[in-house]
file run-v9.cif (mmCIF, C-alpha atoms (C1' of nucleotides))
data_start
#
loop_
_atom_site.label_atom_id
_atom_site.label_comp_id
_atom_site.auth_asym_id
_atom_site.auth_seq_id
_atom_site.Cartn_x
_atom_site.Cartn_y
_atom_site.Cartn_z
CA MET A 216 61.00 1.21 45.48
CA SER A 217 59.69 4.29 47.23
CA VAL A 218 56.01 4.95 46.61
CA PRO A 219 55.80 6.90 43.38
CA ASP A 220 53.63 9.99 43.14
CA LEU A 221 50.53 10.12 41.01
CA PRO A 222 52.08 11.82 37.96
CA THR A 223 54.85 9.22 37.87
CA MET A 224 52.40 6.34 38.16
CA CYS A 225 50.25 7.81 35.39
CA ALA A 226 53.30 8.44 33.21
CA ALA A 227 54.15 4.75 33.45
CA LEU A 228 50.63 4.00 32.20
CA SER A 229 50.67 6.60 29.43
CA ASP A 230 52.33 4.43 26.79
CA PRO A 231 50.35 1.99 24.60
CA THR A 232 53.29 -0.42 24.34
CA ARG A 233 53.48 -0.65 28.12
CA TRP A 234 49.74 -1.41 28.29
CA GLU A 235 50.32 -4.14 25.74
CA LEU A 236 53.06 -5.56 27.94
CA LEU A 237 50.86 -5.40 31.04
CA THR A 238 48.00 -7.11 29.23
CA ARG A 239 50.23 -9.93 28.06
CA LEU A 240 51.69 -10.33 31.53
CA GLY A 241 48.16 -10.37 32.90
CA GLN A 242 47.75 -13.76 31.22
CA GLY A 243 50.93 -15.14 32.71
CA ALA A 244 54.54 -14.33 33.54
CA MET A 245 56.93 -13.85 30.60
CA SER A 246 60.53 -12.85 29.95
CA ALA A 247 61.57 -9.80 27.95
CA SER A 248 62.78 -12.01 25.11
CA ALA A 249 59.52 -13.91 25.01
CA LEU A 250 57.61 -10.63 24.85
CA ALA A 251 59.88 -9.38 22.07
CA ARG A 252 59.01 -12.49 20.07
CA VAL A 253 55.31 -11.66 20.03
CA LEU A 254 55.50 -7.86 19.82
CA PRO A 255 56.83 -5.65 16.99
CA VAL A 256 59.42 -4.04 19.30
CA SER A 257 63.01 -4.90 20.05
CA ARG A 258 63.94 -6.82 23.18
CA GLN A 259 65.95 -3.82 24.44
CA ALA A 260 63.01 -1.44 24.11
CA ILE A 261 60.81 -3.89 25.97
CA GLY A 262 63.45 -4.13 28.68
CA LYS A 263 63.30 -0.38 29.20
CA HIS A 264 59.51 -0.43 29.40
CA LEU A 265 59.58 -3.24 31.95
CA GLU A 266 62.08 -1.28 34.02
CA VAL A 267 59.73 1.72 34.05
CA LEU A 268 56.86 -0.52 35.14
CA ARG A 269 59.00 -2.17 37.79
CA GLU A 270 60.01 1.19 39.27
CA VAL A 271 56.39 2.09 39.95
CA GLY A 272 55.56 -1.39 41.23
CA LEU A 273 53.26 -2.46 38.42
CA VAL A 274 55.40 -5.49 37.64
CA GLU A 275 57.86 -7.59 39.58
CA SER A 276 60.78 -9.57 38.20
CA GLU A 277 61.86 -13.04 39.16
CA GLN A 278 64.93 -15.03 38.14
CA ARG A 279 64.03 -18.42 36.63
CA GLY A 280 67.08 -20.30 35.53
CA ARG A 281 68.95 -18.04 33.16
CA GLU A 282 65.94 -15.97 32.29
CA VAL A 283 64.16 -13.19 34.11
CA VAL A 284 60.38 -13.39 34.01
CA TYR A 285 58.07 -10.52 34.84
CA LEU A 286 54.78 -10.71 36.73
CA VAL A 287 52.07 -8.09 36.70
CA VAL A 288 50.94 -6.66 40.05
CA GLY A 289 47.23 -6.01 39.71
CA ALA A 290 46.93 -4.84 43.30
CA ARG A 291 49.17 -1.90 42.46
CA LEU A 292 46.79 -0.75 39.75
CA SER A 293 43.83 -1.20 42.04
CA SER A 294 45.42 0.87 44.78
CA LEU A 295 46.08 3.64 42.25
CA ALA A 296 42.44 3.36 41.21
CA ARG A 297 41.28 3.80 44.80
CA GLU A 298 43.35 6.94 45.19
CA LEU A 299 42.09 8.44 41.92
CA ASP A 300 38.52 7.71 42.90
CA ARG A 301 39.03 9.37 46.27
CA ILE A 302 40.38 12.50 44.58
CA GLY A 303 37.64 12.54 41.95
CA ARG A 304 34.97 12.36 44.63
CA SER A 305 36.57 15.17 46.60
CA TRP A 306 36.48 17.40 43.52
CA GLU A 307 32.83 16.64 42.95
CA SER A 308 31.85 17.36 46.51
CA GLY A 309 33.83 20.60 46.40
CA LEU A 310 32.02 21.78 43.31
CA LEU A 311 28.74 20.76 44.86
CA ARG A 312 29.46 22.87 47.91
CA ILE A 313 30.27 25.91 45.79
CA LYS A 314 27.21 25.38 43.63
CA GLN A 315 25.03 25.28 46.73
CA LEU A 316 26.57 28.51 47.98
CA ALA A 317 25.89 30.17 44.63
CA GLU A 318 22.26 29.09 44.77
CA GLN A 319 21.66 30.78 48.13
CA PRO A 320 21.56 34.48 47.09
CA ASP A 321 21.92 36.95 49.98
CA GLN A 322 20.60 34.49 52.48
CA ASP A 323 21.93 34.12 56.02
CA PRO A 324 25.10 36.23 55.64
CA PRO A 325 27.81 35.43 58.20
CA PRO A 326 27.80 37.93 61.08
CA LEU A 327 30.94 40.01 61.47
CA PRO A 328 32.29 39.57 65.00
CA MET B 264 34.89 14.55 22.58
CA SER B 265 35.16 10.86 21.80
CA VAL B 266 36.06 8.71 24.78
CA PRO B 267 39.84 8.66 25.06
CA ASP B 268 41.70 5.41 25.56
CA LEU B 269 43.49 4.57 28.76
CA PRO B 270 47.01 5.58 27.66
CA THR B 271 45.71 8.98 26.54
CA MET B 272 43.85 9.54 29.79
CA CYS B 273 46.91 8.56 31.79
CA ALA B 274 49.14 10.77 29.66
CA ALA B 275 46.94 13.73 30.53
CA LEU B 276 47.50 12.89 34.20
CA SER B 277 51.24 12.32 33.88
CA ASP B 278 52.29 15.94 34.31
CA PRO B 279 52.76 17.56 37.75
CA THR B 280 51.72 20.97 36.46
CA ARG B 281 48.44 19.56 35.21
CA TRP B 282 47.79 17.96 38.61
CA GLU B 283 48.46 21.35 40.16
CA LEU B 284 45.88 22.89 37.83
CA LEU B 285 43.33 20.18 38.61
CA THR B 286 43.85 20.62 42.33
CA ARG B 287 43.33 24.37 42.11
CA LEU B 288 40.25 23.91 39.96
CA GLY B 289 39.00 21.39 42.49
CA GLN B 290 38.56 24.28 44.88
CA GLY B 291 36.63 26.37 42.38
CA ALA B 292 36.46 27.41 38.74
CA MET B 293 39.24 29.68 37.47
CA SER B 294 40.41 31.25 34.23
CA ALA B 295 43.78 30.57 32.61
CA SER B 296 44.97 34.06 33.49
CA ALA B 297 43.94 33.65 37.11
CA LEU B 298 45.82 30.36 37.28
CA ALA B 299 48.88 31.95 35.71
CA ARG B 300 48.84 34.57 38.46
CA VAL B 301 49.24 31.96 41.20
CA LEU B 302 51.50 29.47 39.40
CA PRO B 303 55.10 29.89 38.18
CA VAL B 304 54.11 29.17 34.58
CA SER B 305 53.11 31.42 31.72
CA ARG B 306 49.45 31.87 30.79
CA GLN B 307 50.09 30.30 27.39
CA ALA B 308 51.59 27.16 28.89
CA ILE B 309 48.61 26.85 31.22
CA GLY B 310 46.28 27.25 28.27
CA LYS B 311 47.91 24.30 26.54
CA HIS B 312 47.60 22.17 29.67
CA LEU B 313 43.95 23.05 30.06
CA GLU B 314 43.32 22.11 26.44
CA VAL B 315 44.89 18.69 27.05
CA LEU B 316 42.69 18.20 30.10
CA ARG B 317 39.61 19.37 28.22
CA GLU B 318 40.25 16.89 25.39
CA VAL B 319 40.09 13.96 27.79
CA GLY B 320 37.10 15.38 29.64
CA LEU B 321 38.82 16.13 32.94
CA VAL B 322 37.86 19.80 32.76
CA GLU B 323 35.14 21.78 31.04
CA SER B 324 35.30 25.39 29.91
CA GLU B 325 32.62 28.02 30.27
CA GLN B 326 32.47 31.57 28.95
CA ARG B 327 31.86 34.14 31.70
CA GLY B 328 31.80 37.66 30.36
CA ARG B 329 35.06 38.13 28.52
CA GLU B 330 36.87 35.41 30.37
CA VAL B 331 36.82 31.63 30.02
CA VAL B 332 36.71 29.73 33.29
CA TYR B 333 37.53 26.06 33.68
CA LEU B 334 35.77 23.55 35.90
CA VAL B 335 37.16 20.22 37.00
CA VAL B 336 35.11 17.09 36.24
CA GLY B 337 35.67 14.75 39.17
CA ALA B 338 33.31 12.14 37.76
CA ARG B 339 35.67 11.67 34.82
CA LEU B 340 38.51 10.76 37.16
CA SER B 341 36.28 8.43 39.12
CA SER B 342 35.17 6.61 35.98
CA LEU B 343 38.81 6.15 35.00
CA ALA B 344 39.44 4.82 38.49
CA ARG B 345 36.65 2.26 38.13
CA GLU B 346 38.10 1.02 34.87
CA LEU B 347 41.62 0.72 36.28
CA ASP B 348 40.32 -1.15 39.29
CA ARG B 349 38.43 -3.56 37.05
CA ILE B 350 41.59 -4.28 35.05
CA GLY B 351 43.74 -4.64 38.15
CA ARG B 352 41.33 -7.16 39.62
CA SER B 353 41.26 -9.15 36.38
CA TRP B 354 45.04 -9.41 36.46
CA GLU B 355 45.02 -10.63 40.02
CA SER B 356 42.39 -13.26 39.36
CA GLY B 357 44.25 -14.37 36.23
CA LEU B 358 47.45 -14.89 38.17
CA LEU B 359 45.54 -16.68 40.86
CA ARG B 360 44.07 -19.05 38.30
CA ILE B 361 47.46 -19.84 36.84
CA LYS B 362 48.97 -20.26 40.28
CA GLN B 363 46.25 -22.74 41.17
CA LEU B 364 46.88 -24.66 37.97
CA ALA B 365 50.58 -24.82 38.75
CA GLU B 366 49.84 -26.18 42.21
CA GLN B 367 47.89 -29.16 40.85
CA PRO B 368 50.71 -31.36 39.51
CA ASP B 369 49.56 -34.12 37.09
CA GLN B 370 46.13 -34.24 38.62
CA ASP B 371 42.96 -34.83 36.62
CA PRO B 372 44.42 -34.42 33.12
CA PRO B 373 41.84 -33.49 30.45
CA PRO B 374 40.75 -36.51 28.41
CA LEU B 375 41.55 -36.40 24.71
CA PRO B 376 38.35 -36.87 22.73
"C1'" DG C 119 82.82 -28.31 23.77
"C1'" DT C 120 79.85 -25.71 21.01
"C1'" DG C 121 76.06 -23.44 19.26
"C1'" DA C 122 71.83 -21.27 20.47
"C1'" DT C 123 69.47 -18.41 23.46
"C1'" DG C 124 68.84 -14.77 27.14
"C1'" DT C 125 70.55 -10.76 29.43
"C1'" DG C 126 73.04 -6.23 30.27
"C1'" DC C 127 75.03 -2.09 28.78
"C1'" DA C 128 76.02 1.71 25.70
"C1'" DA C 129 75.61 4.82 21.86
"C1'" DC C 130 72.78 6.93 18.80
"C1'" DC C 131 68.55 9.06 16.55
"C1'" DA C 132 63.90 11.09 15.68
"C1'" DT C 133 60.09 12.84 17.62
"C1'" DC C 134 57.19 14.62 21.32
"C1'" DT C 135 56.52 17.87 24.87
"C1'" DA C 136 56.58 21.53 28.24
"C1'" DG C 137 57.99 25.68 28.36
"C1'" DT C 138 59.09 30.35 26.52
"C1'" DT C 139 58.39 35.08 23.97
"C1'" DG C 140 55.94 38.04 20.96
"C1'" DC C 141 52.05 40.06 18.80
"C1'" DA C 142 47.19 41.00 17.49
"C1'" DC C 143 42.73 41.68 18.99
"C1'" DA C 144 38.47 41.94 21.98
"C1'" DC C 145 36.24 43.91 25.79
"C1'" DC C 146 35.31 46.13 30.28
"C1'" DG C 147 35.42 50.19 33.18
"C1'" DA C 148 36.72 54.87 34.69
"C1'" DT D 78 38.09 57.32 24.60
"C1'" DC D 79 41.71 54.94 26.33
"C1'" DG D 80 44.39 52.06 29.45
"C1'" DG D 81 44.20 47.58 31.58
"C1'" DT D 82 43.11 42.94 31.27
"C1'" DG D 83 41.91 38.46 29.00
"C1'" DT D 84 42.25 35.54 25.04
"C1'" DG D 85 44.12 33.31 20.68
"C1'" DC D 86 47.67 32.09 17.62
"C1'" DA D 87 52.40 31.33 16.05
"C1'" DA D 88 57.37 30.46 16.27
"C1'" DC D 89 61.04 28.77 18.73
"C1'" DT D 90 64.00 26.01 22.19
"C1'" DA D 91 65.79 22.53 25.47
"C1'" DG D 92 65.16 18.30 27.26
"C1'" DA D 93 62.60 13.85 27.79
"C1'" DT D 94 61.28 9.71 25.56
"C1'" DG D 95 60.60 5.65 22.69
"C1'" DG D 96 62.90 3.41 19.53
"C1'" DT D 97 67.01 1.36 17.14
"C1'" DT D 98 71.66 -1.27 16.50
"C1'" DG D 99 75.80 -3.37 18.20
"C1'" DC D 100 78.55 -5.95 21.28
"C1'" DA D 101 80.01 -8.64 25.43
"C1'" DC D 102 79.00 -12.22 28.40
"C1'" DA D 103 76.45 -15.96 30.88
"C1'" DT D 104 74.03 -20.24 30.60
"C1'" DC D 105 71.37 -24.12 28.93
"C1'" DA D 106 71.02 -28.28 25.85
"C1'" DC D 107 72.87 -31.53 22.78
#
call {"tool": "encode", "arguments": {"input": "run-v9.cif", "output": "structure tokens"}}
result
Amino acid sequence: MSVPDLPTMCAALSDPTRWELLTRLGQGAMSASALARVLPVSRQAIGKHLEVLREVGLVESEQRGREVVYLVVGARLSSLARELDRIGRSWESGLLRIKQLAEQPDQDPPPLP
Amino acid sequence: MSVPDLPTMCAALSDPTRWELLTRLGQGAMSASALARVLPVSRQAIGKHLEVLREVGLVESEQRGREVVYLVVGARLSSLARELDRIGRSWESGLLRIKQLAEQPDQDPPPLP
DNA sequence: GTGATGTGCAACCATCTAGTTGCACACCGA
DNA sequence: TCGGTGTGCAACTAGATGGTTGCACATCAC
């Protein structure tokens, strides 16, 4: 899996059903069929959701006997969080800089060389 | 604006055009028309995107003369980041706990009262 | 072996969404 | 006063998406 860009990562997290899947998997690995038994969605739909999550690295799959169980990858979510925080801070500091400029009226104008 | 849930916040961030808007606004407040001048998208489409971002609190709007300028709210993204990180960590610790349990075979079984 | 269970793949459908165009109206400046 | 610019609202379209059903096939347990 190549590292997905931010919009793709966020798109994977934009569906309530996928959050439900992630939350369940957060309590322990499960197969698609097992998830379909406890959720009001077909096994095939769940399979598609898990594939989306796997593509962005939020879950990993593992063959166990004849079934395929999925494990959540919390570190992936945390690394996304770090990146979002970094960007959010940069926006804030940028606005701060501009606000400071606006609050210095006609003071110390840059000399034209 | 009521606080939006995680899927809704992530959905707002799942579109490349909206990230483009946020990035531009990160360098300074702009109006929808000004954004439309520098992006290959119509002013109306940009207006819809900005409305989506405003609903989840990622931008704020401000009347300036006859135009409406939009400002990015970096703190909103950072607070989302904190929440995602918290969840990611909880998943990791949960898996760790289960892994530890699995690695203690038939040891210290709980007494039945 | 045989039935039950789990998986994979494909076709199909309804709805959401990101984009467009078009028009009406407000307002600023020369 | 009048042209240019900015905004708001509505209608429409193509494609993405989340969901379904159906079927074929592998595999585990009895």
call {"tool": "interface_residues", "arguments": {"input": "run-v9.cif", "of": "chain A", "to": "chain B", "cutoff": "8 Å", "atoms": "all atoms listed in the file", "output": "PyMOL selection string"}}
result
chain A and resi 221-226+228-231+234+241-243+287-297+299-307+309-310+313
call {"tool": "interface_residues", "arguments": {"input": "run-v9.cif", "of": "chain B", "to": "chain C", "cutoff": "9 Å", "atoms": "all atoms listed in the file", "output": "list in words"}}
result
Val304, Ser305, Ala308, Gly328 and Arg329 of chain B
call {"tool": "resolve_selection", "arguments": {"input": "run-v9.cif", "expression": "the PyMOL selection byres ((chain D) within 12 of (chain B))", "output": "number ranges by chain"}}
result
D: 82-87
call {"tool": "atom_distance", "arguments": {"input": "run-v9.cif", "atom1": "CA of Pro267 (chain B)", "atom2": "CA of Val319 (chain B)"}}
result
6.0 Å
call {"tool": "atom_distance", "arguments": {"input": "run-v9.cif", "atom1": "CA of Arg252 (chain A)", "atom2": "CA of Glu270 (chain A)"}}
result
23.6 Å
call {"tool": "build_atoms", "arguments": {"input": "run-v9.cif", "residues": "region 227-238 of chain A", "atoms": "all heavy atoms", "output": "PDB file, in the frame of the given file"}}
result
ATOM      1  N   ALA A 227      53.828   6.143  33.785  1.00  0.00           N
ATOM      2  CA  ALA A 227      54.150   4.750  33.450  1.00  0.00           C
ATOM      3  C   ALA A 227      53.017   4.115  32.651  1.00  0.00           C
ATOM      4  O   ALA A 227      53.241   3.227  31.830  1.00  0.00           O
ATOM      5  CB  ALA A 227      54.414   3.961  34.728  1.00  0.00           C
ATOM      6  N   LEU A 228      51.800   4.587  32.868  1.00  0.00           N
ATOM      7  CA  LEU A 228      50.630   4.000  32.200  1.00  0.00           C
ATOM      8  C   LEU A 228      50.228   4.789  30.952  1.00  0.00           C
ATOM      9  O   LEU A 228      49.171   4.537  30.367  1.00  0.00           O
ATOM     10  CB  LEU A 228      49.443   3.961  33.173  1.00  0.00           C
ATOM     11  CG  LEU A 228      49.597   2.991  34.343  1.00  0.00           C
ATOM     12  CD1 LEU A 228      48.487   3.197  35.360  1.00  0.00           C
ATOM     13  CD2 LEU A 228      49.607   1.560  33.839  1.00  0.00           C
ATOM     14  N   SER A 229      51.068   5.723  30.532  1.00  0.00           N
ATOM     15  CA  SER A 229      50.670   6.600  29.430  1.00  0.00           C
ATOM     16  C   SER A 229      51.159   6.100  28.074  1.00  0.00           C
ATOM     17  O   SER A 229      50.963   6.773  27.074  1.00  0.00           O
ATOM     18  CB  SER A 229      51.208   8.015  29.672  1.00  0.00           C
ATOM     19  OG  SER A 229      52.610   8.037  29.493  1.00  0.00           O
ATOM     20  N   ASP A 230      51.776   4.931  28.048  1.00  0.00           N
ATOM     21  CA  ASP A 230      52.330   4.430  26.790  1.00  0.00           C
ATOM     22  C   ASP A 230      51.588   3.164  26.337  1.00  0.00           C
ATOM     23  O   ASP A 230      51.469   2.199  27.107  1.00  0.00           O
ATOM     24  CB  ASP A 230      53.820   4.122  26.964  1.00  0.00           C
ATOM     25  CG  ASP A 230      54.463   3.736  25.655  1.00  0.00           C
ATOM     26  OD1 ASP A 230      54.930   4.632  24.935  1.00  0.00           O
ATOM     27  OD2 ASP A 230      54.477   2.523  25.342  1.00  0.00           O
ATOM     28  N   PRO A 231      51.106   3.143  25.104  1.00  0.00           N
ATOM     29  CA  PRO A 231      50.350   1.990  24.600  1.00  0.00           C
ATOM     30  C   PRO A 231      51.157   0.693  24.635  1.00  0.00           C
ATOM     31  O   PRO A 231      50.623  -0.371  24.968  1.00  0.00           O
ATOM     32  CB  PRO A 231      50.035   2.374  23.152  1.00  0.00           C
ATOM     33  CG  PRO A 231      50.137   3.856  23.100  1.00  0.00           C
ATOM     34  CD  PRO A 231      51.182   4.228  24.103  1.00  0.00           C
ATOM     35  N   THR A 232      52.459   0.788  24.315  1.00  0.00           N
ATOM     36  CA  THR A 232      53.290  -0.420  24.340  1.00  0.00           C
ATOM     37  C   THR A 232      53.338  -1.013  25.745  1.00  0.00           C
ATOM     38  O   THR A 232      53.266  -2.233  25.922  1.00  0.00           O
ATOM     39  CB  THR A 232      54.710  -0.094  23.859  1.00  0.00           C
ATOM     40  OG1 THR A 232      54.642   0.451  22.543  1.00  0.00           O
ATOM     41  CG2 THR A 232      55.567  -1.343  23.840  1.00  0.00           C
ATOM     42  N   ARG A 233      53.439  -0.134  26.752  1.00  0.00           N
ATOM     43  CA  ARG A 233      53.480  -0.650  28.120  1.00  0.00           C
ATOM     44  C   ARG A 233      52.158  -1.294  28.493  1.00  0.00           C
ATOM     45  O   ARG A 233      52.143  -2.321  29.195  1.00  0.00           O
ATOM     46  CB  ARG A 233      53.844   0.482  29.101  1.00  0.00           C
ATOM     47  CG  ARG A 233      55.325   0.819  29.063  1.00  0.00           C
ATOM     48  CD  ARG A 233      55.774   1.583  30.294  1.00  0.00           C
ATOM     49  NE  ARG A 233      55.451   2.990  30.264  1.00  0.00           N
ATOM     50  CZ  ARG A 233      56.243   3.930  29.768  1.00  0.00           C
ATOM     51  NH1 ARG A 233      57.403   3.600  29.238  1.00  0.00           N
ATOM     52  NH2 ARG A 233      55.893   5.190  29.803  1.00  0.00           N
ATOM     53  N   TRP A 234      51.036  -0.758  28.035  1.00  0.00           N
ATOM     54  CA  TRP A 234      49.740  -1.410  28.290  1.00  0.00           C
ATOM     55  C   TRP A 234      49.702  -2.777  27.626  1.00  0.00           C
ATOM     56  O   TRP A 234      49.179  -3.740  28.180  1.00  0.00           O
ATOM     57  CB  TRP A 234      48.591  -0.539  27.794  1.00  0.00           C
ATOM     58  CG  TRP A 234      48.138   0.453  28.796  1.00  0.00           C
ATOM     59  CD1 TRP A 234      48.438   1.783  28.855  1.00  0.00           C
ATOM     60  CD2 TRP A 234      47.297   0.207  29.930  1.00  0.00           C
ATOM     61  NE1 TRP A 234      47.847   2.365  29.940  1.00  0.00           N
ATOM     62  CE2 TRP A 234      47.137   1.426  30.616  1.00  0.00           C
ATOM     63  CE3 TRP A 234      46.662  -0.936  30.428  1.00  0.00           C
ATOM     64  CZ2 TRP A 234      46.369   1.537  31.779  1.00  0.00           C
ATOM     65  CZ3 TRP A 234      45.903  -0.823  31.576  1.00  0.00           C
ATOM     66  CH2 TRP A 234      45.759   0.404  32.248  1.00  0.00           C
ATOM     67  N   GLU A 235      50.269  -2.844  26.429  1.00  0.00           N
ATOM     68  CA  GLU A 235      50.320  -4.140  25.740  1.00  0.00           C
ATOM     69  C   GLU A 235      51.110  -5.144  26.576  1.00  0.00           C
ATOM     70  O   GLU A 235      50.683  -6.292  26.763  1.00  0.00           O
ATOM     71  CB  GLU A 235      50.979  -3.931  24.364  1.00  0.00           C
ATOM     72  CG  GLU A 235      51.073  -5.181  23.527  1.00  0.00           C
ATOM     73  CD  GLU A 235      49.727  -5.650  23.019  1.00  0.00           C
ATOM     74  OE1 GLU A 235      48.891  -4.785  22.727  1.00  0.00           O
ATOM     75  OE2 GLU A 235      49.513  -6.884  22.958  1.00  0.00           O
ATOM     76  N   LEU A 236      52.256  -4.680  27.094  1.00  0.00           N
ATOM     77  CA  LEU A 236      53.060  -5.560  27.940  1.00  0.00           C
ATOM     78  C   LEU A 236      52.259  -6.014  29.164  1.00  0.00           C
ATOM     79  O   LEU A 236      52.214  -7.211  29.497  1.00  0.00           O
ATOM     80  CB  LEU A 236      54.330  -4.847  28.401  1.00  0.00           C
ATOM     81  CG  LEU A 236      55.340  -4.469  27.312  1.00  0.00           C
ATOM     82  CD1 LEU A 236      56.524  -3.735  27.920  1.00  0.00           C
ATOM     83  CD2 LEU A 236      55.803  -5.720  26.580  1.00  0.00           C
ATOM     84  N   LEU A 237      51.616  -5.064  29.831  1.00  0.00           N
ATOM     85  CA  LEU A 237      50.860  -5.400  31.040  1.00  0.00           C
ATOM     86  C   LEU A 237      49.754  -6.405  30.726  1.00  0.00           C
ATOM     87  O   LEU A 237      49.528  -7.359  31.477  1.00  0.00           O
ATOM     88  CB  LEU A 237      50.257  -4.121  31.639  1.00  0.00           C
ATOM     89  CG  LEU A 237      51.255  -3.142  32.265  1.00  0.00           C
ATOM     90  CD1 LEU A 237      50.591  -1.818  32.611  1.00  0.00           C
ATOM     91  CD2 LEU A 237      51.886  -3.756  33.507  1.00  0.00           C
ATOM     92  N   THR A 238      49.085  -6.190  29.591  1.00  0.00           N
ATOM     93  CA  THR A 238      48.000  -7.110  29.230  1.00  0.00           C
ATOM     94  C   THR A 238      48.521  -8.516  29.003  1.00  0.00           C
ATOM     95  O   THR A 238      47.955  -9.499  29.492  1.00  0.00           O
ATOM     96  CB  THR A 238      47.307  -6.596  27.959  1.00  0.00           C
ATOM     97  OG1 THR A 238      46.850  -5.253  28.190  1.00  0.00           O
ATOM     98  CG2 THR A 238      46.131  -7.481  27.592  1.00  0.00           C
TER      99      THR A 238
END
